[in-house]
>>> print(open('run-v5.txt').read())   # compact mmCIF, C-alpha atoms and all ligand atoms
# COMPACT_ATOMS: atom_id res chain seq x y z
CA MET A 265 41.99 -7.25 -37.74
CA ASN A 266 39.21 -4.90 -38.84
CA ILE A 267 39.71 -1.23 -39.68
CA ASP A 268 36.56 0.39 -38.30
CA GLY A 269 35.41 3.01 -40.82
CA LYS A 270 32.29 3.81 -38.86
CA ALA A 271 34.30 4.77 -35.77
CA LEU A 272 36.92 6.71 -37.76
CA ALA A 273 34.18 8.62 -39.63
CA GLN A 274 32.55 9.53 -36.30
CA GLU A 275 35.92 10.75 -34.99
CA LEU A 276 36.36 12.89 -38.09
CA ARG A 277 32.84 14.33 -37.80
CA ASP A 278 33.47 15.16 -34.12
CA THR A 279 36.58 17.12 -35.11
CA LEU A 280 34.66 18.83 -37.94
CA THR A 281 31.87 19.86 -35.54
CA ILE A 282 34.46 21.69 -33.42
CA GLU A 283 36.10 23.28 -36.49
CA VAL A 284 32.74 24.41 -37.92
CA LYS A 285 31.88 26.13 -34.65
CA LYS A 286 35.29 27.81 -34.61
CA LEU A 287 34.82 29.16 -38.15
CA LYS A 288 31.43 30.52 -37.11
CA ASP A 289 32.81 32.15 -33.95
CA GLU A 290 35.95 33.57 -35.51
CA ARG A 291 34.84 34.60 -39.00
CA ASN A 292 31.04 34.38 -38.90
CA ILE A 293 31.03 31.80 -41.71
CA THR A 294 28.74 28.78 -41.62
CA PRO A 295 29.77 26.26 -44.28
CA GLY A 296 26.92 25.46 -46.69
CA LEU A 297 26.60 22.34 -48.82
CA THR A 298 24.00 22.03 -51.58
CA VAL A 299 23.24 18.61 -53.01
CA VAL A 300 21.47 18.39 -56.35
CA LEU A 301 19.54 15.22 -57.16
CA VAL A 302 18.04 14.67 -60.60
CA GLY A 303 15.44 11.91 -60.77
CA GLU A 304 14.39 9.33 -58.20
CA ASP A 305 17.01 6.60 -58.26
CA PRO A 306 16.42 4.80 -54.92
CA ALA A 307 20.12 4.26 -54.08
CA SER A 308 20.87 7.94 -54.82
CA GLN A 309 17.95 8.99 -52.60
CA VAL A 310 19.42 7.03 -49.68
CA TYR A 311 22.90 8.55 -50.24
CA VAL A 312 21.48 12.08 -50.45
CA ARG A 313 19.38 11.62 -47.31
CA ASN A 314 22.49 10.52 -45.39
CA LYS A 315 24.51 13.44 -46.74
CA VAL A 316 21.83 15.95 -45.68
CA ARG A 317 21.55 14.48 -42.16
CA GLN A 318 25.29 14.36 -41.52
CA THR A 319 25.83 17.87 -42.93
CA GLN A 320 23.35 19.22 -40.40
CA GLU A 321 24.85 17.13 -37.58
CA VAL A 322 28.24 18.85 -37.87
CA GLY A 323 26.56 22.28 -37.82
CA MET A 324 26.72 23.12 -41.51
CA ILE A 325 23.87 24.46 -43.64
CA SER A 326 22.42 21.74 -45.84
CA ASN A 327 20.32 22.38 -48.92
CA LYS A 328 18.82 19.77 -51.19
CA ILE A 329 17.56 20.54 -54.67
CA SER A 330 15.44 17.76 -56.18
CA LEU A 331 14.78 18.03 -59.89
CA PRO A 332 12.49 15.77 -61.97
CA VAL A 333 14.12 13.08 -64.11
CA GLU A 334 13.08 14.87 -67.32
CA THR A 335 14.85 18.13 -66.35
CA PRO A 336 16.50 19.56 -69.49
CA GLN A 337 20.29 19.73 -69.34
CA GLN A 338 20.26 23.53 -69.70
CA ALA A 339 17.95 23.89 -66.69
CA LEU A 340 20.46 21.95 -64.56
CA LEU A 341 23.35 24.07 -65.85
CA ASP A 342 21.34 27.25 -65.08
CA GLN A 343 20.73 25.99 -61.56
CA LEU A 344 24.46 25.39 -61.12
CA HIS A 345 25.27 28.94 -62.25
CA VAL A 346 22.90 30.25 -59.57
CA LEU A 347 24.66 28.12 -56.92
CA ASN A 348 28.11 29.16 -58.20
CA ASN A 349 27.12 32.79 -57.56
CA ASP A 350 25.51 32.22 -54.15
CA PRO A 351 27.97 33.26 -51.41
CA THR A 352 26.18 31.12 -48.77
CA VAL A 353 26.93 27.96 -50.80
CA HIS A 354 30.50 26.73 -50.30
CA GLY A 355 30.08 23.22 -51.65
CA ILE A 356 28.04 21.87 -54.57
CA LEU A 357 27.50 18.18 -55.20
CA VAL A 358 25.50 16.82 -58.12
CA GLN A 359 24.58 13.25 -57.26
CA LEU A 360 25.69 10.77 -59.94
CA PRO A 361 24.64 8.96 -62.04
CA LEU A 362 22.62 11.49 -64.02
CA PRO A 363 19.83 10.61 -66.48
CA SER A 364 21.25 9.59 -69.87
CA HIS A 365 20.13 12.78 -71.70
CA ILE A 366 22.49 14.84 -69.52
CA ASP A 367 26.23 15.15 -70.26
CA GLU A 368 27.91 14.31 -66.95
CA ALA A 369 31.29 15.81 -67.88
CA LEU A 370 29.66 19.10 -68.91
CA VAL A 371 27.77 19.26 -65.61
CA ILE A 372 30.95 18.66 -63.59
CA GLU A 373 32.82 21.32 -65.59
CA THR A 374 30.05 23.82 -64.90
CA ILE A 375 30.50 23.62 -61.12
CA ALA A 376 32.89 26.33 -59.90
CA PRO A 377 36.15 24.47 -59.10
CA GLU A 378 36.39 26.11 -55.66
CA LYS A 379 32.93 24.71 -54.79
CA ASP A 380 33.53 21.28 -56.33
CA VAL A 381 33.60 19.30 -53.07
CA ASP A 382 33.48 16.02 -55.04
CA GLY A 383 36.88 16.94 -56.53
CA PHE A 384 35.74 15.82 -59.99
CA HIS A 385 36.29 19.11 -61.90
CA PRO A 386 39.30 18.93 -64.29
CA ILE A 387 40.91 21.83 -62.39
CA ASN A 388 40.84 19.71 -59.23
CA SER A 389 41.74 16.38 -60.84
CA GLY A 390 44.57 18.15 -62.69
CA GLY A 391 45.68 19.74 -59.42
CA LEU A 392 45.75 16.34 -57.72
CA CYS A 393 47.77 14.95 -60.62
CA ASN A 394 50.30 17.77 -60.27
CA GLY A 395 50.52 17.42 -56.51
CA ASP A 396 48.92 20.85 -55.95
CA ASP A 397 47.98 21.23 -52.25
CA GLY A 398 45.06 23.50 -53.12
CA ALA A 399 43.09 20.90 -55.10
CA LEU A 400 39.86 19.53 -53.64
CA VAL A 401 40.41 15.76 -53.49
CA PRO A 402 37.67 13.17 -54.24
CA CYS A 403 36.06 11.89 -51.05
CA THR A 404 36.23 8.09 -51.32
CA PRO A 405 39.97 8.09 -52.19
CA GLN A 406 40.66 10.43 -49.24
CA GLY A 407 38.77 8.01 -47.01
CA CYS A 408 40.87 5.08 -48.29
CA ILE A 409 44.11 6.85 -47.33
CA LEU A 410 42.82 7.75 -43.87
CA LEU A 411 41.80 4.13 -43.29
CA ALA A 412 45.17 2.80 -44.45
CA LYS A 413 46.94 5.29 -42.15
CA LYS A 414 44.69 4.31 -39.26
CA HIS A 415 46.31 0.88 -39.37
CA LEU A 416 49.78 1.61 -40.72
CA GLY A 417 50.46 5.03 -39.20
CA ASP A 418 51.12 8.22 -41.17
CA ASN A 419 54.21 7.00 -43.03
CA LEU A 420 53.27 4.88 -46.06
CA SER A 421 56.58 5.63 -47.82
CA GLY A 422 58.05 2.81 -49.90
CA LYS A 423 55.11 0.47 -49.54
CA HIS A 424 53.88 -1.30 -52.65
CA ALA A 425 50.25 -0.34 -53.23
CA VAL A 426 48.18 -2.19 -55.81
CA VAL A 427 44.93 -0.52 -56.86
CA ILE A 428 42.43 -2.69 -58.73
CA GLY A 429 40.23 -0.37 -60.80
CA ARG A 430 40.95 2.72 -62.90
CA SER A 431 37.81 4.84 -62.58
CA ASN A 432 38.00 8.63 -62.40
CA ILE A 433 36.04 8.56 -59.13
CA VAL A 434 38.18 6.07 -57.18
CA GLY A 435 40.92 4.08 -58.95
CA LYS A 436 42.90 6.92 -60.55
CA PRO A 437 42.67 9.44 -57.68
CA VAL A 438 43.46 6.86 -54.97
CA ALA A 439 46.52 5.79 -56.99
CA LEU A 440 47.66 9.44 -57.20
CA LEU A 441 47.17 9.94 -53.46
CA LEU A 442 49.18 6.79 -52.70
CA LEU A 443 51.91 8.10 -55.01
CA GLN A 444 51.85 11.39 -53.08
CA GLU A 445 52.45 9.30 -49.95
CA SER A 446 55.58 7.91 -51.67
CA CYS A 447 54.15 4.43 -52.22
CA THR A 448 55.20 2.39 -55.24
CA VAL A 449 51.88 2.21 -57.07
CA THR A 450 50.53 -0.33 -59.53
CA ILE A 451 47.14 0.23 -61.15
CA ALA A 452 45.49 -3.02 -62.20
CA HIS A 453 42.29 -3.37 -64.22
CA SER A 454 40.17 -5.78 -66.26
CA ARG A 455 42.95 -6.35 -68.84
CA THR A 456 45.73 -6.91 -66.30
CA GLN A 457 47.52 -10.25 -66.68
CA ASN A 458 48.20 -12.53 -63.70
CA LEU A 459 46.07 -10.33 -61.45
CA PRO A 460 46.14 -12.66 -58.40
CA ALA A 461 49.97 -12.90 -58.47
CA LEU A 462 50.29 -9.13 -58.87
CA CYS A 463 47.92 -8.41 -55.98
CA ALA A 464 49.85 -10.88 -53.81
CA GLN A 465 52.85 -8.49 -53.99
CA ALA A 466 50.89 -5.65 -52.41
CA ASP A 467 51.55 -4.22 -48.96
CA ILE A 468 48.41 -2.14 -49.48
CA LEU A 469 45.66 -3.58 -51.69
CA VAL A 470 42.79 -1.31 -52.75
CA ALA A 471 39.88 -3.03 -54.50
CA ALA A 472 37.58 -0.71 -56.46
CA VAL A 473 36.12 -2.74 -59.30
CA GLY A 474 32.49 -3.40 -58.44
CA ARG A 475 32.74 -7.18 -58.70
CA PRO A 476 31.32 -8.95 -55.66
CA GLU A 477 33.87 -10.89 -53.58
CA MET A 478 36.39 -11.09 -56.43
CA VAL A 479 39.53 -10.86 -54.27
CA LYS A 480 40.36 -14.18 -52.58
CA SER A 481 42.89 -15.12 -49.90
CA GLU A 482 45.47 -16.35 -52.47
CA TRP A 483 45.54 -12.78 -53.85
CA VAL A 484 46.65 -11.32 -50.54
CA LYS A 485 50.14 -11.24 -49.06
CA PRO A 486 50.01 -12.30 -45.41
CA GLY A 487 49.86 -9.19 -43.25
CA ALA A 488 48.78 -6.85 -46.08
CA THR A 489 46.41 -3.93 -45.51
CA VAL A 490 43.24 -4.45 -47.58
CA ILE A 491 40.94 -1.52 -48.40
CA ASP A 492 37.64 -2.68 -49.92
CA VAL A 493 35.82 0.07 -51.83
CA GLY A 494 33.18 -2.23 -53.35
CA ILE A 495 29.51 -1.98 -52.41
CA ASN A 496 27.64 -4.76 -54.21
CA ARG A 497 24.19 -6.09 -53.43
CA ILE A 498 23.95 -9.83 -53.99
CA PRO A 499 20.68 -11.80 -53.97
CA THR A 500 19.71 -13.84 -50.91
CA GLU A 501 16.99 -16.43 -50.39
CA ASP A 502 14.80 -14.05 -48.39
CA GLY A 503 14.81 -11.66 -51.37
CA LYS A 504 16.29 -8.77 -49.37
CA GLY A 505 19.81 -9.10 -50.74
CA ARG A 506 23.07 -8.60 -48.86
CA LEU A 507 25.82 -6.00 -49.22
CA VAL A 508 29.28 -7.37 -49.99
CA GLY A 509 32.52 -5.77 -51.07
CA ASP A 510 34.93 -6.56 -53.90
CA VAL A 511 36.88 -8.67 -51.40
CA ASP A 512 35.75 -12.07 -50.11
CA TYR A 513 35.89 -10.91 -46.51
CA ALA A 514 35.53 -14.31 -44.77
CA ASP A 515 38.27 -15.80 -46.95
CA VAL A 516 40.70 -12.86 -46.82
CA GLN A 517 40.28 -11.67 -43.22
CA PRO A 518 42.46 -14.42 -41.66
CA VAL A 519 45.35 -13.67 -44.08
CA ALA A 520 45.26 -9.86 -44.11
CA GLY A 521 47.02 -7.75 -41.49
CA ALA A 522 43.98 -5.50 -41.54
CA ILE A 523 40.86 -5.20 -43.69
CA THR A 524 37.97 -2.75 -44.03
CA PRO A 525 34.57 -4.44 -43.68
CA VAL A 526 31.57 -3.86 -45.99
CA PRO A 527 29.42 -2.22 -44.76
CA GLY A 528 31.20 -0.11 -42.12
CA GLY A 529 34.56 0.49 -43.84
CA VAL A 530 35.09 2.91 -46.72
CA GLY A 531 31.39 3.84 -47.06
CA PRO A 532 31.03 5.96 -43.90
CA MET A 533 34.34 7.70 -44.60
CA THR A 534 33.12 9.08 -47.95
CA ILE A 535 30.51 11.42 -46.46
CA ALA A 536 32.83 12.43 -43.61
CA CYS A 537 35.44 13.46 -46.22
CA LEU A 538 32.76 15.33 -48.19
CA LEU A 539 32.09 17.41 -45.08
CA LYS A 540 35.85 17.91 -44.63
CA ASN A 541 36.05 19.27 -48.19
CA THR A 542 33.07 21.55 -47.56
CA LEU A 543 34.76 23.00 -44.46
CA GLU A 544 37.96 23.46 -46.47
CA ALA A 545 36.06 25.25 -49.27
CA ALA A 546 34.32 27.53 -46.76
CA ARG A 547 37.62 28.34 -45.03
CA ARG A 548 39.36 29.18 -48.28
CA PHE A 549 36.65 30.99 -50.15
CA GLY A 550 34.10 31.95 -47.48
N1 LIG B 1 27.37 8.64 -56.70
C1 LIG B 1 28.04 7.62 -56.11
N2 LIG B 1 29.14 8.10 -55.48
C2 LIG B 1 29.18 9.42 -55.68
C3 LIG B 1 30.06 10.46 -55.29
O1 LIG B 1 31.08 10.26 -54.61
N3 LIG B 1 29.72 11.71 -55.68
C4 LIG B 1 28.63 11.97 -56.42
N4 LIG B 1 28.39 13.23 -56.78
N5 LIG B 1 27.79 11.03 -56.82
C5 LIG B 1 28.07 9.77 -56.45
>>> encode(input="run-v5.txt", output="structure tokens", more="lines below")
Ligand code: GUN
Amino acid sequence: MNIDGKALAQELRDTLTIEVKKLKDERNITPGLTVVLVGEDPASQVYVRNKVRQTQEVGMISNKISLPVETPQQALLDQLHVLNNDPTVHGILVQLPLPSHIDEALVIETIAPEKDVDGFHPINSGGLCNGDDGALVPCTPQGCILLAKKHLGDNLSGKHAVVIGRSNIVGKPVALLLLQESCTVTIAHSRTQNLPALCAQADILVAAVGRPEMVKSEWVKPGATVIDVGINRIPTEDGKGRLVGDVDYADVQPVAGAITPVPGGVGPMTIACLLKNTLEAARRFG
């Protein structure tokens, strides 16, 4: 069975639209999200365009700041200080990756933690680690949990979750969220031994490695819930390429209890959760 991320994201955006209107009516606050894009990376441009459109669709104020690729680091930091001090901006997102002359960690640390709707600031990642309810949680991991719950219901307690991947953006935070849900969590990565056998023990398998169609049916326990975070473009004969996940969908789908497709699974949930974080930031600090 498929877990339909597109439909769940639409449901979430419908709820957010109502909540945004309520915040406007009751407290005269319109949540504002500013996205900063440095350079002209085509994939980033597509992501940013989608973010801007969906922000407006739920009734929030969307601002986009496009800076040239050669922007000095200090100019970006100065821009962030301006946004930190702007009361109409509740969420700030600097699209990654940044050009190589800019220190990504420094940029993230410069964003005010209460406006860090990506949840990447050490105050927020530390808060997530400590189980602090007030932390802003990274968007893709939040989306993974909502998708798993869509199939399994709200109680994930006691399930064995295996996360393949240990990035700061997905692997680590999704593992911490699963732990918060009282799952038994294993984090696997490129050095893990007997990876297929380990994955085959998972009730919930989250693949976030960026290797096209790596996870095969033998890696999946019959009936398991499979969350595929990968977005990989593989070449096709017509030269256009095709998007595939980290899971071999055709192979795994018959074995899994439920699986998120690529595209249409985790991807749409990420932006919906970004808007959820922006609403949360506006509610708390607006
Ligand atoms: N680039 C790819 N994914 C993301 C994300 O979740 N946040 C930001 N800021 N940049 C990204």
>>> closest_atom_pairs(input="run-v5.txt", of="region 342-437 of chain A", to="region 455-468 of chain A", cutoff="9 Å", atoms="all atoms listed in the file", output="CSV")
residue,atom,partner,partner_atom,distance
A:Ala412,CA,A:Ile468,CA,7.8
A:Lys423,CA,A:Asp467,CA,5.9
A:His424,CA,A:Asp467,CA,5.3
A:Ala425,CA,A:Ile468,CA,4.5
A:Val426,CA,A:Ala466,CA,5.6
A:Val427,CA,A:Ile468,CA,8.3
A:Ile428,CA,A:Cys463,CA,8.4
>>> closest_residue(input="run-v5.txt", among="A:Ser454, A:Ser308, A:Ser431, A:Asn419", to="ligand LIG 1 (chain B)", atoms="all atoms listed in the file")
A:Ser308
>>> residues_near_ligand(input="run-v5.txt", ligand="ligand LIG 1 (chain B)", cutoff="8 Å", atoms="only C-alpha atoms and all ligand atoms", output="MDAnalysis selection string")
chainID A and resid 308 311 357:361 382 402:404 433 534
>>> residues_around(input="run-v5.txt", residues="Val299 (chain A)", least_positions_apart="5", cutoff="8 Å", atoms="only C-alpha atoms", output="list in words")
Val312, Val316, Ser326, Asn327, Lys328, Ile329, Ile356, Leu357, Val358 and Gln359 of chain A
>>> residues_around(input="run-v5.txt", residues="region 365-374 of chain A", least_positions_apart="3", cutoff="7 Å", atoms="only C-alpha atoms", output="list in words")
Gln337, Leu341, Leu344, Leu362, Phe384 and His385 of chain A
>>> closest_residue(input="run-v5.txt", among="A:Gly474, A:Thr298, A:Ile523, A:Val333", to="Gln320 (chain A)", atoms="all atoms listed in the file")
A:Thr298
>>> residues_near_point(input="run-v5.txt", point="(42.4, 20.0, -60.7)", cutoff="12 Å", atoms="all atoms listed in the file", output="PyMOL selection string")
chain A and resi 372-373+376-378+380-402+437
>>> closest_residue(input="run-v5.txt", among="A:Lys315, A:Arg291, A:His354, A:Arg475", to="Ala546 (chain A)", atoms="only C-alpha atoms")
A:His354
>>> atom_distance(input="run-v5.txt", atom1="CA of Ala339 (chain A)", atom2="CA of Ser364 (chain A)")
15.0 Å
>>> closest_residue(input="run-v5.txt", among="A:Glu283, A:Asp418, A:Asp502, A:Asp510", to="Val470 (chain A)", atoms="only C-alpha atoms")
A:Asp510
